[in-house]
Every structure is written in C-alpha cells, then in structure tokens.
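Source file: coords.cif; contents: mmCIF, C-alpha atoms.
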data_structure
#
loop_
_atom_site.label_atom_id
_atom_site.label_comp_id
_atom_site.auth_asym_id
_atom_site.auth_seq_id
_atom_site.Cartn_x
_atom_site.Cartn_y
_atom_site.Cartn_z
CA MET A 14 0.00 0.00 0.00
CA THR A 15 1.44 3.36 -1.02
CA ASN A 16 0.72 6.63 0.68
CA ALA A 17 -0.45 7.96 -2.69
CA GLN A 18 -3.65 5.98 -2.14
CA TRP A 19 -4.28 7.75 1.17
CA ARG A 20 -6.26 10.94 1.56
CA THR A 21 -6.97 13.29 4.44
CA VAL A 22 -10.60 14.18 5.09
CA ALA A 23 -12.66 15.86 7.79
CA LEU A 24 -14.32 13.42 10.17
CA GLY A 25 -17.69 14.97 9.40
CA LYS A 26 -17.33 13.94 5.75
CA VAL A 27 -17.13 10.23 6.57
CA THR A 28 -19.49 10.02 9.56
CA THR A 29 -23.21 10.52 10.00
CA LEU A 30 -25.16 12.20 12.78
CA ALA A 31 -26.93 10.31 15.54
CA ALA A 32 -30.67 10.78 15.97
CA THR A 33 -31.88 12.72 19.00
CA TRP A 34 -34.93 12.53 21.23
CA ASN A 35 -36.25 13.99 24.48
CA PRO A 36 -36.94 11.28 27.09
CA SER A 37 -38.87 13.73 29.28
CA ARG A 38 -41.60 13.78 26.63
CA ALA A 39 -42.06 10.01 26.81
CA PRO A 40 -44.50 8.41 29.28
CA SER A 41 -43.14 9.04 32.76
CA ASP A 42 -43.25 5.37 33.77
CA GLU A 43 -40.94 4.32 30.93
CA THR A 44 -37.18 3.95 31.36
CA PHE A 45 -34.14 4.25 29.12
CA THR A 46 -30.45 3.33 29.28
CA TYR A 47 -28.28 6.37 29.83
CA ILE A 48 -24.56 6.81 29.10
CA ASP A 49 -23.15 9.89 30.79
CA LEU A 50 -19.55 11.07 30.89
CA SER A 51 -18.80 9.18 34.09
CA ALA A 52 -19.90 5.91 32.46
CA VAL A 53 -16.74 5.76 30.34
CA ASP A 54 -13.59 4.24 31.82
CA GLN A 55 -10.94 6.59 30.46
CA ALA A 56 -8.15 4.05 30.89
CA ALA A 57 -9.91 1.03 29.41
CA LYS A 58 -11.77 3.12 26.77
CA GLN A 59 -14.96 1.23 27.56
CA ILE A 60 -18.47 2.01 28.74
CA ILE A 61 -18.76 0.45 32.18
CA GLY A 62 -21.40 2.53 33.96
CA ALA A 63 -24.50 2.83 31.77
CA ARG A 64 -27.64 2.92 33.93
CA GLU A 65 -31.40 2.68 33.67
CA ILE A 66 -33.24 5.95 34.33
CA ALA A 67 -36.94 6.77 34.43
CA CYS A 68 -37.98 9.08 31.61
CA ALA A 69 -39.52 11.39 34.20
CA GLU A 70 -36.05 11.84 35.75
CA ALA A 71 -34.12 12.28 32.50
CA PRO A 72 -31.17 14.71 32.71
CA SER A 73 -31.33 17.61 30.27
CA ARG A 74 -28.22 16.25 28.50
CA ALA A 75 -29.82 12.86 27.75
CA ARG A 76 -30.58 13.38 24.07
CA GLN A 77 -28.47 11.32 21.65
CA LEU A 78 -29.62 7.88 20.46
CA VAL A 79 -26.58 5.70 19.85
CA ALA A 80 -26.15 2.49 17.90
CA ARG A 81 -23.76 -0.45 18.03
CA ASP A 82 -20.21 0.50 16.94
CA ASP A 83 -20.78 4.25 17.32
CA VAL A 84 -17.70 5.95 18.73
CA LEU A 85 -18.26 8.33 21.64
CA VAL A 86 -15.76 11.15 22.18
CA ALA A 87 -16.04 13.23 25.36
CA THR A 88 -15.92 16.91 24.46
CA VAL A 89 -14.67 18.00 27.91
CA ARG A 90 -11.10 17.63 29.14
CA PRO A 91 -9.85 16.21 25.83
CA ASN A 92 -6.45 15.48 27.39
CA LEU A 93 -8.11 12.64 29.32
CA ASN A 94 -9.32 11.07 26.06
CA GLY A 95 -12.67 9.82 27.32
CA VAL A 96 -13.60 7.72 24.30
CA ALA A 97 -15.45 4.43 23.90
CA ARG A 98 -17.13 2.27 21.29
CA VAL A 99 -20.79 1.35 21.80
CA PRO A 100 -21.17 -2.43 22.28
CA GLU A 101 -24.10 -4.43 20.95
CA ALA A 102 -25.66 -4.57 24.42
CA LEU A 103 -26.06 -0.76 24.39
CA ASP A 104 -27.52 -0.46 20.89
CA GLY A 105 -30.36 2.06 21.20
CA ALA A 106 -29.10 3.60 24.44
CA THR A 107 -29.10 7.36 25.04
CA ALA A 108 -25.83 9.27 25.36
CA SER A 109 -25.14 12.60 26.99
CA THR A 110 -24.64 15.63 24.79
CA GLY A 111 -21.26 15.80 26.51
CA PHE A 112 -20.18 13.27 23.88
CA CYS A 113 -19.68 13.83 20.19
CA VAL A 114 -21.16 10.73 18.56
CA LEU A 115 -19.21 9.50 15.51
CA ARG A 116 -21.03 6.97 13.34
CA ALA A 117 -18.84 5.68 10.52
CA ASN A 118 -20.16 5.84 6.98
CA GLN A 119 -19.38 2.20 6.28
CA THR A 120 -18.77 2.70 2.58
CA GLU A 121 -15.80 4.93 3.38
CA LEU A 122 -14.76 4.45 7.00
CA ASP A 123 -14.23 1.33 9.10
CA GLY A 124 -15.55 1.67 12.65
CA GLY A 125 -12.54 -0.08 14.19
CA TYR A 126 -10.13 2.17 12.34
CA LEU A 127 -12.12 5.22 13.50
CA PHE A 128 -12.00 4.05 17.12
CA HIS A 129 -8.24 3.59 17.01
CA TRP A 130 -7.83 7.02 15.41
CA VAL A 131 -9.63 8.88 18.21
CA LYS A 132 -7.36 7.10 20.72
CA SER A 133 -4.21 8.16 18.86
CA PRO A 134 -1.79 10.77 20.25
CA ASP A 135 -2.22 12.83 17.06
CA PHE A 136 -5.98 13.15 17.56
CA VAL A 137 -5.65 13.87 21.31
CA ALA A 138 -3.00 16.54 20.71
CA ASP A 139 -5.19 18.18 18.06
CA MET A 140 -8.15 18.34 20.45
CA VAL A 141 -6.03 19.68 23.32
CA ARG A 142 -4.69 22.39 21.02
CA LYS A 143 -8.18 23.45 19.96
CA ALA A 144 -9.85 23.27 23.39
CA THR A 145 -11.07 26.45 25.05
CA GLY A 146 -11.61 27.23 28.72
CA ALA A 147 -8.73 27.34 31.19
CA SER A 148 -10.41 25.63 34.16
CA TYR A 149 -12.72 23.31 32.19
CA PRO A 150 -11.22 22.86 28.71
CA ALA A 151 -13.62 21.58 26.07
CA VAL A 152 -14.11 21.24 22.34
CA SER A 153 -17.32 21.47 20.36
CA ASP A 154 -18.85 18.79 18.16
CA ARG A 155 -18.03 21.03 15.23
CA ILE A 156 -14.32 21.04 16.09
CA ILE A 157 -14.33 17.24 16.18
CA PHE A 158 -16.28 16.91 12.92
CA ASP A 159 -13.93 19.39 11.23
CA SER A 160 -10.78 17.61 12.44
CA ALA A 161 -8.80 15.67 9.86
CA ILE A 162 -8.39 11.89 9.69
CA PRO A 163 -5.84 10.11 7.46
CA LEU A 164 -7.85 7.74 5.28
CA PRO A 165 -6.46 4.81 3.32
CA PRO A 166 -8.74 2.56 1.25
CA LEU A 167 -11.31 0.61 3.27
CA GLU A 168 -9.49 -2.75 3.14
CA GLU A 169 -6.32 -1.12 4.43
CA GLN A 170 -8.30 0.51 7.24
CA ARG A 171 -9.56 -2.92 8.28
CA ARG A 172 -6.07 -4.39 8.20
CA ILE A 173 -4.69 -1.56 10.35
CA ALA A 174 -7.55 -1.90 12.83
CA GLU A 175 -6.92 -5.66 13.08
CA VAL A 176 -3.21 -5.16 13.81
CA LEU A 177 -3.97 -2.56 16.50
CA ASP A 178 -6.76 -4.75 17.93
CA ARG A 179 -4.31 -7.62 18.43
CA ALA A 180 -1.79 -5.35 20.12
CA GLU A 181 -4.51 -3.85 22.32
CA ALA A 182 -5.71 -7.34 23.31
CA LEU A 183 -2.23 -8.16 24.61
CA ARG A 184 -2.23 -4.98 26.69
CA ALA A 185 -5.68 -5.80 28.05
CA LYS A 186 -4.48 -9.24 29.17
CA ARG A 187 -1.56 -7.68 31.02
CA ARG A 188 -3.86 -5.16 32.73
CA ALA A 189 -6.24 -7.98 33.70
CA ALA A 190 -3.34 -9.97 35.16
CA LEU A 191 -2.26 -6.95 37.20
CA ALA A 192 -5.82 -6.48 38.45
CA GLN A 193 -5.88 -10.11 39.60
CA LEU A 194 -2.59 -9.66 41.42
CA ASP A 195 -3.90 -6.48 43.06
CA SER A 196 -6.77 -8.46 44.57
CA LEU A 197 -4.51 -11.32 45.65
CA THR A 198 -3.11 -9.47 48.67
CA GLN A 199 -6.54 -9.18 50.27
CA SER A 200 -7.25 -12.84 49.44
CA LEU A 201 -4.05 -13.82 51.24
CA PHE A 202 -5.05 -11.61 54.16
CA LEU A 203 -8.43 -13.33 54.47
CA ASP A 204 -6.91 -16.80 54.20
CA LEU A 205 -4.39 -16.19 56.98
CA PHE A 206 -6.28 -13.92 59.36
CA GLY A 207 -10.01 -14.40 58.73
CA ASP A 208 -12.62 -12.19 57.12
CA HIS A 209 -14.09 -8.98 58.52
CA THR A 210 -16.77 -10.84 60.48
CA THR A 211 -14.31 -12.98 62.46
CA ILE A 212 -10.91 -11.30 62.56
CA LEU A 213 -11.53 -9.30 65.75
CA THR A 214 -12.89 -12.34 67.61
CA ARG A 215 -10.24 -14.69 66.28
CA TRP A 216 -7.26 -12.78 67.71
CA PRO A 217 -6.51 -10.59 70.76
CA ASN A 218 -7.17 -6.87 70.18
CA LYS A 219 -5.54 -3.62 71.20
CA LYS A 220 -6.05 0.04 70.46
CA LEU A 221 -3.58 1.25 67.85
CA GLY A 222 -2.38 3.95 70.24
CA GLU A 223 -1.00 1.19 72.53
CA LEU A 224 1.03 -0.24 69.63
CA LEU A 225 2.55 2.90 68.11
CA ASP A 226 6.10 4.06 68.73
CA PHE A 227 5.61 7.23 66.68
CA LEU A 228 2.68 9.09 65.15
CA THR A 229 2.72 12.33 63.21
CA SER A 230 1.20 14.09 60.24
CA GLY A 231 2.66 16.33 57.56
CA SER A 232 2.39 20.09 57.39
CA ARG A 233 1.49 22.71 54.81
CA GLY A 234 4.66 24.79 54.98
CA TRP A 235 6.55 23.28 52.05
CA ALA A 236 5.65 25.56 49.15
CA GLU A 237 8.95 27.45 49.17
CA TYR A 238 10.96 24.22 49.12
CA TYR A 239 9.44 22.65 45.98
CA ALA A 240 12.09 21.81 43.37
CA GLU A 241 12.55 20.09 40.03
CA SER A 242 14.60 17.40 41.73
CA GLY A 243 15.83 16.56 45.20
CA ASP A 244 14.11 14.70 48.04
CA LEU A 245 10.82 12.91 47.47
CA PHE A 246 7.72 14.68 48.74
CA LEU A 247 4.93 12.14 49.19
CA ARG A 248 1.35 13.30 48.67
CA ILE A 249 -2.05 11.63 48.87
CA GLN A 250 -1.93 10.58 45.20
CA ASN A 251 1.13 8.49 45.98
CA VAL A 252 -0.82 6.40 48.51
CA ARG A 253 -3.51 4.05 47.24
CA ARG A 254 -5.20 1.05 48.83
CA ASP A 255 -2.26 -0.75 50.43
CA GLU A 256 0.16 0.46 47.75
CA LEU A 257 2.76 3.19 47.34
CA VAL A 258 2.80 4.58 43.78
CA LEU A 259 5.70 6.73 42.69
CA GLU A 260 4.53 7.66 39.19
CA ASP A 261 3.47 11.25 39.97
CA VAL A 262 5.96 12.50 42.54
CA ALA A 263 6.97 15.93 43.77
CA TYR A 264 10.42 16.98 44.97
CA VAL A 265 11.67 19.34 47.64
CA ASN A 266 14.96 20.73 48.80
CA ALA A 267 14.23 20.02 52.43
CA PRO A 268 15.43 22.46 55.09
CA ASP A 269 17.38 21.32 58.14
CA THR A 270 14.56 21.99 60.59
CA ALA A 271 12.75 20.12 63.33
CA GLU A 272 9.62 20.14 61.18
CA ALA A 273 11.41 18.42 58.31
CA LYS A 274 12.94 15.84 60.66
CA ARG A 275 9.53 15.12 62.17
CA THR A 276 7.87 14.46 58.80
CA ARG A 277 10.69 12.43 57.24
CA VAL A 278 9.67 8.82 56.58
CA GLN A 279 11.61 5.66 57.39
CA ALA A 280 11.51 2.26 55.72
CA GLY A 281 8.68 0.26 57.30
CA ASP A 282 6.53 3.28 58.13
CA VAL A 283 2.86 2.88 57.31
CA LEU A 284 1.42 5.97 55.63
CA LEU A 285 -2.27 6.71 56.20
CA SER A 286 -4.34 9.30 54.35
CA ILE A 287 -6.17 11.46 56.90
CA THR A 288 -8.05 13.94 54.67
CA ALA A 289 -9.96 13.74 51.39
CA ASP A 290 -9.99 10.03 50.40
CA LEU A 291 -9.53 8.65 53.90
CA GLY A 292 -7.97 5.34 54.80
CA ARG A 293 -5.52 4.82 51.97
CA THR A 294 -2.38 3.12 53.23
CA ALA A 295 1.06 2.18 51.99
CA VAL A 296 4.25 0.76 53.45
CA VAL A 297 7.43 2.76 52.87
CA PRO A 298 9.89 0.37 51.18
CA GLU A 299 13.61 -0.06 51.72
CA GLY A 300 15.78 2.08 49.48
CA ILE A 301 13.33 4.94 49.01
CA GLY A 302 15.95 7.47 50.06
CA THR A 303 15.10 10.72 51.79
CA ALA A 304 11.36 11.42 51.64
CA PHE A 305 8.83 13.59 53.47
CA ILE A 306 5.02 13.73 53.70
CA ASN A 307 2.51 16.52 53.19
CA GLN A 308 -0.43 17.48 55.38
CA HIS A 309 -2.82 14.87 53.93
CA LEU A 310 -0.80 11.94 55.28
CA SER A 311 0.25 10.60 58.65
CA ILE A 312 3.12 8.32 59.65
CA LEU A 313 2.37 5.23 61.76
CA ARG A 314 5.55 3.68 63.15
CA THR A 315 5.46 0.53 65.27
CA LYS A 316 7.55 -2.50 66.16
CA ALA A 317 4.59 -4.35 67.65
CA LEU A 318 3.06 -5.09 64.23
CA VAL A 319 4.46 -6.11 60.86
CA PRO A 320 3.89 -3.01 58.68
CA ARG A 321 2.54 -5.02 55.75
CA PHE A 322 -0.09 -6.57 58.01
CA LEU A 323 -1.17 -3.18 59.41
CA SER A 324 -1.48 -1.65 55.94
CA ALA A 325 -3.52 -4.59 54.63
CA TYR A 326 -5.74 -4.48 57.72
CA PHE A 327 -6.65 -0.85 56.99
CA ALA A 328 -7.40 -1.83 53.38
CA SER A 329 -9.74 -4.62 54.52
CA PRO A 330 -13.51 -4.05 54.91
CA ILE A 331 -13.37 -3.83 58.70
CA GLY A 332 -10.38 -1.48 58.60
CA GLN A 333 -12.15 0.78 56.13
CA ARG A 334 -15.31 0.70 58.23
CA GLN A 335 -13.39 1.90 61.28
CA VAL A 336 -11.78 4.72 59.29
CA LEU A 337 -15.02 5.96 57.74
CA GLY A 338 -16.87 5.59 61.02
CA ARG A 339 -14.57 8.18 62.59
CA ASN A 340 -14.92 10.71 59.79
CA ARG A 341 -17.38 13.08 61.43
CA GLN A 342 -18.17 15.12 58.34
CA ALA A 343 -20.62 17.37 60.14
CA VAL A 344 -17.83 18.59 62.40
CA LYS A 345 -14.69 18.04 60.36
CA ALA A 346 -13.44 16.19 57.35
CA GLY A 347 -10.68 13.80 58.21
CA LEU A 348 -8.96 12.02 61.07
CA ASN A 349 -7.10 13.41 64.08
CA PHE A 350 -4.58 11.65 66.28
CA GLU A 351 -7.25 10.66 68.78
CA ASP A 352 -9.17 8.94 66.00
CA ILE A 353 -6.07 7.09 64.82
CA ARG A 354 -5.08 5.94 68.31
CA SER A 355 -8.59 4.60 68.90
CA PHE A 356 -8.57 2.11 66.00
CA VAL A 357 -9.02 -1.47 67.21
CA ILE A 358 -6.30 -3.70 65.78
CA PRO A 359 -6.22 -7.53 65.89
CA LEU A 360 -2.95 -9.12 67.01
CA PRO A 361 -2.19 -12.37 65.16
CA PRO A 362 1.16 -13.93 66.14
CA LEU A 363 4.13 -12.07 64.67
CA PRO A 364 5.40 -15.18 62.79
CA LEU A 365 2.04 -15.34 60.98
CA GLN A 366 2.22 -11.65 60.14
CA ARG A 367 5.75 -12.18 58.79
CA GLU A 368 4.55 -15.09 56.67
CA PHE A 369 1.88 -12.81 55.22
CA ALA A 370 4.53 -10.19 54.45
CA ARG A 371 6.69 -12.83 52.76
CA ARG A 372 3.83 -13.94 50.51
CA VAL A 373 2.93 -10.35 49.66
CA ALA A 374 6.54 -9.69 48.70
CA ALA A 375 6.32 -12.57 46.23
CA VAL A 376 3.14 -11.06 44.76
CA GLU A 377 4.83 -7.67 44.50
CA LYS A 378 7.69 -9.27 42.59
CA LEU A 379 5.21 -10.70 40.09
CA LYS A 380 3.49 -7.32 39.81
CA THR A 381 6.80 -5.65 39.06
CA ALA A 382 7.43 -8.11 36.23
CA GLN A 383 3.91 -7.63 34.86
CA ARG A 384 4.25 -3.85 34.99
CA ALA A 385 7.53 -4.04 33.09
CA SER A 386 5.89 -6.24 30.46
CA LEU A 387 2.95 -3.86 30.20
CA ALA A 388 5.32 -0.91 29.79
CA GLU A 389 7.00 -2.72 26.90
CA LEU A 390 3.61 -3.44 25.30
CA ASP A 391 2.57 0.19 25.76
CA ALA A 392 5.74 1.33 23.99
CA LEU A 393 5.14 -1.16 21.18
CA PHE A 394 1.54 -0.02 20.83
CA ALA A 395 2.60 3.64 20.65
CA THR A 396 5.05 2.75 17.88
CA LEU A 397 2.37 0.83 15.99
CA GLN A 398 -0.05 3.75 16.32
CA HIS A 399 2.58 6.16 15.04
CA ARG A 400 3.33 3.98 12.02
CA ALA A 401 -0.28 2.92 11.36
CA PHE A 402 -1.65 6.39 10.63
CA ARG A 403 1.33 7.29 8.46
CA GLY A 404 0.97 4.32 6.14
CA GLU A 405 4.08 2.59 7.47
CA LEU A 406 2.62 -0.70 8.74
#

Write-out of the structure in structure tokens:
Amino acid sequence: MTNAQWRTVALGKVTTLAATWNPSRAPSDETFTYIDLSAVDQAAKQIIGAREIACAEAPSRARQLVARDDVLVATVRPNLNGVARVPEALDGATASTGFCVLRANQTELDGGYLFHWVKSPDFVADMVRKATGASYPAVSDRIIFDSAIPLPPLEEQRRIAEVLDRAEALRAKRRAALAQLDSLTQSLFLDLFGDHTTILTRWPNKKLGELLDFLTSGSRGWAEYYAESGDLFLRIQNVRRDELVLEDVAYVNAPDTAEAKRTRVQAGDVLLSITADLGRTAVVPEGIGTAFINQHLSILRTKALVPRFLSAYFASPIGQRQVLGRNRQAVKAGLNFEDIRSFVIPLPPLPLQREFARRVAAVEKLKTAQRASLAELDALFATLQHRAFRGEL
C-alpha cells in the first residue's frame, strides 16, 4: 500500500449524525439506558457505567440515540481522552450531549479504524490544542467533525484496525493480570487472618495507640521548598489502597529543621491518608531514600506489628469501616490523632504476620514483572499507532 492511495478528510465527511430525542416527553413510567460522561472508563476506553433511568427523571443532557459501533468522544477535558465504542448490548441507548457521537459511513470508513484514530496521540493533541476554557477545557462537536483523519482505502483501514486490535488485546491481558494480582493481597489476608466478620474475635485486640512508637502528620509549609529534583515529597496521590505509587511525585529541597525531621519517613513506616480520600495506606519500602510527607498523610511507626499486616488491615472491609466511622463530616473532614489511636487492631502472632509479608513480597515481585511487560507493550503499541496512521505498517 502506497501513501499515494491515502487521503486526508474531515471526520464529518465520513461520519453521519446520531438521531436525537427527548426522554422527558415520553410516558413518565418508561425507562431508558443512559450513558453519561462518568460511564466511560478513560483508561480502558470502555463504557462500564450505563444505567437505567426513568424518563420522568431524564437529565437535560440525555438526548443522543446511539447504535452499536458508534464511537463516543467526550468533548470536555480532551487530554483525558474519554472515548469508547458502543457495544451491541447498548444499541439504542441514550448518550449525553457531553459526547460527540461519531457513526462511521461504512462505505468509506471502518468503525474499528475510527476508534483507534480517536485514541491516537495525534488526535488527542489536536483536540487539546483546539480546546477552550482554562479551568474546564472543552471542544465542540463542530471542532471534532472538522478535524482531519488520514484515510487509506477501506481494506487497508480494516487491516490496520486488526493489527492494532491484536496489540490492544495483549495490553488488556496484562492489565487484567495486574488487576488479579492487586486483589490477591486481600485474598491472602483473608486466608491467613479471617474475614471482617471474624478477625476481631479470632485474635486478641488492642487500640492502635498502645502499639505505636511514633505518630505524626505532615504540614502545609513546604511551598517554598518545591524543586525540580531533590528529596521525594509524598502526597495523597502516591498512597492508594495498600500500595505506594511513585509515578506522579513531587520533589523538595528540604530544610534542616525540626519540622522536616519530624515528617521524614523511614523504611517500614505505614502511611495513612487522613483527609480527602480517607484510609488509603502504603508501606514505605527499603531504598526509598530521603522522603517527606505533606499534610494529607500521617506516619504510623510501630515494632509491635508487621507493617505489611497493618497496611492490609486498613485496606480490609473492617479497617475501612473503622476509618469511615470516625470521619465526622458534620464537624470536620478527616482524622485526628485521637481517632487514629482509637482504631481497634487484631494481634495475630508475629510469625504469621511475617509469613503474610513474605507472601505479599512474592506477589509484589510478580506485579513488578507484569508492569515491566505492560510498559513494553505500551511502547510497542505507541510505535504501531505512530506507524499505522502514516501508512508505514
């Protein structure tokens, strides 16, 4: 296939418009399936949250009738690339006007090729460039319809879509494997220590305050110390459910002050989120270097518990219930030291806690390998995308 057989056209020239309707004008006891912006998983590029709504309660944005294989493109925050393809199960559903609905003219445009195009870096960059609104950037349907798509002959489009589908399927398998490994830690926890209905009756209990050697929280006074590089500055986005994530990190040039010394973490510390999304935990690993916490996190330091056990306990249903039960929103949002010290903690034998930590370490090793494999697949997919829409596959 030579590039001479390719052409560049506006998306609006090779797509057709979706029909519209007004559910509020239908009988009030009828229902419809609604796809709003939150229904699209931006990472998986799939619709995962469509819901049934009574016509009498229809949102004003519920207007667009979609069909199988339509491609939905979120018009807000185009950098997040909220796109999805309508599956057969949602044929006839109603989409929000927050989406631009692209329906391929099948005599000129393959739906799979179209879907891969709107996921491409070239398309995303074009939309980001054309978006307006500083705090809530968005593009119009017209901008999307006027945007250009490289268009080879139909058979070549299908071949390109098939190649990218196969590569995407490999990435999906890796993501699924990682998701299974993420759930394995809690499965191990339940197997060794019991579920949330029995764990506190199965083992002796103590208040966390009786088990802590050190407890503190971060402070707000770090703005002047932010830097392009230096010491790690851990924030709430670095702490998930029983996992420390160092993908989006900040750096500081820490001062030699008592405040900095107080908020410096050590290997084995358990970090706990105490504002916003409460109850996230993570264990500080060996080899992290010099790192500090901000005001949304606290440090729990203890020799009476294995840190990995304590972190997993907070991530368990009963741990989460204790955390949320102390979040007195009417008075304050968050946890104070009194709240933290009052948590009831089960005390399985230390050898059993260490065995749990050993098994989790093995799982983490597998996750590291899977992440590396996924990173390689992501790089391969990016290369394929780059070549595919330039006629180089």

task: Evaluate the PyMOL selection byres ((chain A and resi 345-359) around 8) here and jot the selected residues down as a ChimeraX atom specification.
output: /A:212-213,216-223,228-229,287-289,291,335-336,339-344,360-361

query: Which residues fall under the PyMOL selection byres ((chain A and resi 45) around 10) in this file, as a PyMOL selection string?
result: chain A and resi 36+43-44+46-48+64-68+71+75+105-107

- request: Could you tell me which of A:Leu365, A:Leu30, A:Val141, A:Ala63 comes closest to Val114 (chain A) if we count all atoms listed in the file?
  value: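 Among the listed residues, A:Leu30 lies closest to Val114 (chain A).
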
- request: With the file shown as input, list the residues that the PyMOL selection byres ((chain A and resi 86-92) around 6) selects, as a PyMOL selection string.
  value: chain A and resi 85+93-96+111-113+141+150-152

task: Excluding Lys26 (chain A) and residues on its chain fewer than 2 positions from it, collect all residues at most 9 Å away from it, counting all atoms listed in the file, and give them as a ChimeraX atom specification.
output: /A:22-24,28-29,118,158-159

query: Which polymer residues have any atom within 12 Å of an atom of Ser324 (chain A), counting all atoms listed in the file, with same-chain residues fewer than 2 positions away left out, as JSON, numbers by chain?
result: {"A": [198, 199, 202, 252, 253, 254, 255, 256, 257, 281, 282, 283, 284, 285, 286, 292, 293, 294, 295, 296, 297, 312, 313, 314, 315, 318, 319, 320, 321, 322, 326, 327, 328, 329, 332, 333, 358, 366, 369, 370, 373]}
